[in-house]
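Data block for input.cif (mmCIF, C-alpha atoms):
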data_query
loop_
_atom_site.label_atom_id
_atom_site.label_comp_id
_atom_site.auth_asym_id
_atom_site.auth_seq_id
_atom_site.Cartn_x
_atom_site.Cartn_y
_atom_site.Cartn_z
CA ALA A 7 125.73 91.11 141.34
CA PHE A 8 122.01 91.31 141.90
CA THR A 9 119.22 89.41 143.60
CA THR A 10 115.81 88.28 142.45
CA LEU A 11 112.66 87.56 144.43
CA GLU A 12 109.53 85.89 143.11
CA ASP A 13 106.18 86.14 144.86
CA THR A 14 105.86 82.40 145.42
CA GLY A 15 109.28 80.78 145.10
CA GLY A 16 111.92 82.92 146.72
CA GLY A 17 114.84 84.14 144.69
CA HIS A 18 118.55 83.83 144.04
CA LEU A 19 121.84 85.70 143.93
CA TRP A 20 123.12 86.31 140.39
CA LYS A 21 126.06 87.93 138.63
CA VAL A 22 126.52 89.32 135.15
CA ALA A 23 129.58 90.79 133.45
CA ALA A 24 129.83 94.59 133.69
CA GLY A 25 129.70 94.75 129.90
CA GLY A 26 126.53 92.66 129.76
CA GLY A 27 125.87 89.07 128.86
CA VAL A 28 124.00 86.12 130.25
CA PRO A 29 123.37 86.25 134.03
CA VAL A 30 124.83 83.38 136.08
CA ARG A 31 122.95 82.09 139.13
CA LEU A 32 125.28 81.81 142.14
CA THR A 33 123.05 80.34 144.86
CA THR A 34 121.96 76.71 144.95
CA GLU A 35 119.01 77.22 147.31
CA SER A 36 116.21 79.73 146.80
CA GLY A 37 115.68 82.31 149.52
CA GLU A 38 115.11 85.95 150.34
CA TYR A 39 118.50 87.34 149.29
CA VAL A 40 119.11 91.11 149.43
CA HIS A 41 122.00 93.58 149.36
CA PRO A 42 124.89 91.63 147.78
CA ALA A 43 128.42 92.98 148.30
CA TRP A 44 131.68 91.79 146.70
CA SER A 45 134.74 90.95 148.78
CA ALA A 46 137.81 93.11 148.07
CA ASP A 47 139.50 90.31 146.11
CA GLY A 48 136.33 89.40 144.19
CA SER A 49 136.41 85.77 145.33
CA GLU A 50 133.07 85.84 147.15
CA LEU A 51 130.03 87.87 148.00
CA THR A 52 128.18 88.49 151.20
CA VAL A 53 124.42 88.88 151.12
CA ALA A 54 121.57 89.00 153.63
CA ARG A 55 119.14 86.06 153.55
CA GLY A 56 115.74 86.52 155.21
CA SER A 57 113.91 84.13 157.50
CA GLY A 58 111.17 83.41 154.96
CA ALA A 59 108.48 86.03 155.62
CA THR A 60 107.59 86.24 151.93
CA PHE A 61 106.93 82.48 151.89
CA ARG A 62 104.32 83.14 154.58
CA GLY A 63 102.54 85.89 152.63
CA ARG A 64 104.33 88.79 154.35
CA THR A 65 106.91 91.29 153.10
CA LEU A 66 110.70 91.35 153.55
CA THR A 67 110.27 93.88 156.37
CA HIS A 68 108.42 91.23 158.42
CA ASN A 69 111.49 88.97 158.77
CA PRO A 70 112.31 88.67 162.50
CA TRP A 71 115.93 87.80 161.65
CA TRP A 72 118.41 87.78 158.78
CA ASP A 73 121.36 85.51 158.12
CA VAL A 74 124.51 87.10 156.75
CA VAL A 75 125.84 84.53 154.28
CA ARG A 76 128.88 84.19 152.01
CA VAL A 77 128.62 82.79 148.49
CA PRO A 78 131.60 81.91 146.24
CA ALA A 79 131.92 84.22 143.21
CA ASP A 80 131.73 81.13 140.97
CA GLY A 81 128.55 79.95 142.71
CA GLY A 82 127.78 77.26 145.25
CA ASP A 83 126.28 76.73 148.66
CA ALA A 84 125.78 79.75 150.92
CA THR A 85 127.78 79.64 154.17
CA ARG A 86 126.12 81.30 157.15
CA VAL A 87 128.32 83.87 158.86
CA ILE A 88 125.99 85.15 161.57
CA ARG A 89 122.28 85.54 162.37
CA VAL A 90 121.09 89.07 163.13
CA ALA A 91 117.74 89.32 164.90
CA LEU A 92 115.52 92.34 165.12
CA PRO A 93 114.57 93.34 168.66
CA THR A 94 111.52 91.56 170.06
CA GLY A 95 108.35 93.44 169.21
CA SER A 96 109.85 95.38 166.33
CA GLY A 97 108.01 95.34 163.07
CA PRO A 98 107.95 97.27 159.84
CA GLU A 99 106.00 100.13 161.40
CA ARG A 100 108.70 100.60 164.09
CA VAL A 101 112.00 100.01 162.32
CA GLN A 102 111.05 100.85 158.72
CA ARG A 103 114.06 100.53 156.39
CA ARG A 104 116.26 99.15 159.18
CA ALA A 105 114.20 95.96 159.03
CA ILE A 106 116.15 94.81 155.94
CA LEU A 107 119.78 94.01 156.73
CA ALA A 108 122.58 95.27 154.45
CA PRO A 109 125.97 93.65 155.16
CA SER A 110 129.19 94.92 153.55
CA TRP A 111 132.87 94.07 153.45
CA GLY A 112 135.29 96.25 155.38
CA PRO A 113 138.98 96.39 156.25
CA GLU A 114 140.95 93.22 156.99
CA GLY A 115 138.22 91.11 155.36
CA ARG A 116 135.71 91.82 158.12
CA ILE A 117 131.99 91.85 157.40
CA PHE A 118 130.15 94.92 158.70
CA PHE A 119 126.41 95.28 159.34
CA PRO A 120 124.01 97.44 161.34
CA GLU A 121 122.29 95.82 164.32
CA ILE A 122 119.25 97.45 165.87
CA ILE A 123 119.59 97.73 169.64
CA ASP A 124 117.77 99.65 172.35
CA GLY A 125 118.82 103.24 171.93
CA GLY A 126 120.04 103.08 168.32
CA THR A 127 121.94 101.13 165.73
CA ALA A 128 125.19 99.35 166.55
CA VAL A 129 127.85 99.21 163.84
CA VAL A 130 129.08 95.61 164.17
CA SER A 131 131.73 93.59 162.37
CA VAL A 132 132.76 89.93 162.39
CA GLN A 133 135.38 87.80 160.70
CA PRO A 134 134.10 85.86 157.65
CA ASP A 135 133.58 82.81 159.89
CA GLY A 136 131.29 84.85 162.20
CA GLU A 137 133.83 84.97 165.03
CA ASP A 138 135.40 87.98 166.79
CA ARG A 139 132.20 90.08 166.95
CA GLN A 140 133.06 93.75 167.56
CA VAL A 141 130.77 96.72 168.17
CA HIS A 142 132.51 99.78 166.74
CA LEU A 143 130.01 102.51 167.62
CA ILE A 144 126.34 103.25 168.27
CA LEU A 145 124.43 105.54 165.91
CA PRO A 146 120.97 107.03 166.54
CA SER A 147 119.08 105.26 163.74
CA ALA A 148 121.28 104.15 160.84
CA ASP A 149 119.68 102.05 158.11
CA GLU A 150 122.88 100.97 156.33
CA VAL A 151 126.59 101.14 157.17
CA ALA A 152 129.78 100.65 155.16
CA ALA A 153 133.38 100.90 156.33
CA SER A 154 136.08 102.43 154.14
CA PRO A 155 138.66 99.95 152.81
CA ASP A 156 141.35 101.39 155.12
CA GLY A 157 139.06 101.18 158.17
CA ARG A 158 139.36 104.87 159.02
CA TRP A 159 135.80 105.91 158.08
CA ILE A 160 132.24 104.69 158.27
CA ALA A 161 129.52 105.82 155.88
CA PHE A 162 125.98 105.45 157.13
CA GLN A 163 122.48 106.27 156.01
CA GLU A 164 119.83 107.68 158.32
CA ALA A 165 116.46 108.27 156.62
CA ASN A 166 117.30 110.08 153.37
CA ASP A 167 120.69 111.41 154.48
CA VAL A 168 124.16 109.87 154.17
CA PHE A 169 126.97 110.74 156.60
CA VAL A 170 130.67 109.92 156.98
CA ALA A 171 132.37 109.72 160.38
CA PRO A 172 135.61 108.35 161.83
CA LEU A 173 135.41 104.61 162.53
CA PRO A 174 136.71 103.75 166.00
CA ARG A 175 139.02 100.73 166.13
CA THR A 176 138.26 98.04 168.71
CA GLY A 177 139.96 94.90 169.89
CA GLY A 178 142.18 93.26 167.28
CA GLY A 179 140.12 94.43 164.29
#

Before anything else, please render the file you have as structure tokens.
Amino acid sequence: AFTTLEDTGGGHLWKVAAGGGVPVRLTTESGEYVHPAWSADGSELTVARGSGATFRGRTLTHNPWWDVVRVPADGGDATRVIRVALPTGSGPERVQRRAILAPSWGPEGRIFFPEIIDGGTAVVSVQPDGEDRQVHLILPSADEVAASPDGRWIAFQEANDVFVAPLPRTGGG
């Protein structure tokens, strides 16, 4: 899966066979799609969709919020899971790479994503319908996070370094 972005008309989520072939457009509505991730069973993808900063002559890092959306693997309408806002007053000069959301699938079909908060980055997960929001831990300044399939570990990127740490379990997830 990959995304495209044109200077004037947004972009789309696409897929192409691993062996090559003709790309297939999956989204029906153009937008600022980034960081696609396949579900464990391959039936759908999650992707971040920006608020439209590039339509206003800005860059992706100027989006004040991102929607985490799900798209069927065979294509169709995007279903919003949750909206993740950047803290008020944050901009590309303050949050740098953390300004572009990167959701991923984790254990039990939960969707994980980093959320910038005062004092760091929260590792958050929700059910595919956006319910049962859980904060698993707070990291100093993670840009991206990804849970292991068994839910025991979290991989995260801070600046140019990648780390692995135990993933605390919370609530029912």

| remark: Nearest to Gln133 in chain A, restricted to all atoms listed in the file and choosing among A:Val75, A:Leu92, A:Val168, A:Leu19, comes out as A:Val75

| message | Here's the selection I'm unsure about, the PyMOL selection byres ((chain A and resi 123) around 12); applied to the file above, which residues does it give, as number ranges by chain? | response | A: 90-94, 96, 101, 104, 120-122, 124-130, 141, 143-148

Sorted by chain and rising residue number, list the residues of range 93-165 of chain A at most 7 Å from range 50-63 of chain A (counting all atoms listed in the file), each with its closest atom pair and distance in Å to one decimal, as JSON lines.
{"residue": "A:Leu107", "atom": "CA", "partner": "A:Ala54", "partner_atom": "CA", "distance": 6.2}
{"residue": "A:Ala108", "atom": "CA", "partner": "A:Ala54", "partner_atom": "CA", "distance": 6.4}
{"residue": "A:Pro109", "atom": "CA", "partner": "A:Val53", "partner_atom": "CA", "distance": 6.4}
{"residue": "A:Ser110", "atom": "CA", "partner": "A:Thr52", "partner_atom": "CA", "distance": 6.9}

Using the chain letters and residue numbers of this document, give as an mmCIF file with C-alpha atoms, in the frame of the given file the residues selected by the PyMOL selection byres ((chain A and resi 32) around 8).
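Output saved as part26.cif:
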data_model
loop_
_atom_site.group_PDB
_atom_site.id
_atom_site.type_symbol
_atom_site.label_atom_id
_atom_site.label_comp_id
_atom_site.auth_asym_id
_atom_site.auth_seq_id
_atom_site.Cartn_x
_atom_site.Cartn_y
_atom_site.Cartn_z
ATOM 1 C CA HIS A 18 118.550 83.830 144.040
ATOM 2 C CA LEU A 19 121.840 85.700 143.930
ATOM 3 C CA TRP A 20 123.120 86.310 140.390
ATOM 4 C CA LYS A 21 126.060 87.930 138.630
ATOM 5 C CA VAL A 30 124.830 83.380 136.080
ATOM 6 C CA ARG A 31 122.950 82.090 139.130
ATOM 7 C CA THR A 33 123.050 80.340 144.860
ATOM 8 C CA THR A 34 121.960 76.710 144.950
ATOM 9 C CA VAL A 77 128.620 82.790 148.490
ATOM 10 C CA PRO A 78 131.600 81.910 146.240
ATOM 11 C CA ALA A 79 131.920 84.220 143.210
ATOM 12 C CA ASP A 80 131.730 81.130 140.970
ATOM 13 C CA GLY A 81 128.550 79.950 142.710
ATOM 14 C CA GLY A 82 127.780 77.260 145.250
#

| query | Applied to this file, what does the PyMOL selection byres ((chain A and resi 88) around 9) return in terms of residues, put as a PyMOL selection string? | reply | chain A and resi 72-75+86-87+89-90+132+135-137

Could you take the residues named above and write them with C-alpha atoms, as a PDB file, in the coordinates of the input?
ATOM      1  CA  TRP A  72     118.410  87.780 158.780  1.00  0.00           C
ATOM      2  CA  ASP A  73     121.360  85.510 158.120  1.00  0.00           C
ATOM      3  CA  VAL A  74     124.510  87.100 156.750  1.00  0.00           C
ATOM      4  CA  VAL A  75     125.840  84.530 154.280  1.00  0.00           C
ATOM      5  CA  ARG A  86     126.120  81.300 157.150  1.00  0.00           C
ATOM      6  CA  VAL A  87     128.320  83.870 158.860  1.00  0.00           C
ATOM      7  CA  ARG A  89     122.280  85.540 162.370  1.00  0.00           C
ATOM      8  CA  VAL A  90     121.090  89.070 163.130  1.00  0.00           C
ATOM      9  CA  VAL A 132     132.760  89.930 162.390  1.00  0.00           C
ATOM     10  CA  ASP A 135     133.580  82.810 159.890  1.00  0.00           C
ATOM     11  CA  GLY A 136     131.290  84.850 162.200  1.00  0.00           C
ATOM     12  CA  GLU A 137     133.830  84.970 165.030  1.00  0.00           C
TER      13      GLU A 137
END

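Of the listed residues A:Thr67, A:Glu150, A:Val40, A:Arg116, the one whose atoms come nearest to Glu164 in chain A is A:Glu150, with distances taken using all atoms listed in the file.
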
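Across A:Trp71, A:Pro113, A:Arg175, A:Ser45, the tightest approach to Gln140 in chain A is made by A:Arg175 when counting all atoms listed in the file.
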
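Relative to CA of Thr65 in chain A, CA of Ala105 in chain A is found at 10.5 Å.
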
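Taking CA of Ser154 in chain A and CA of Phe119 in chain A as endpoints, the distance between them is 13.1 Å.
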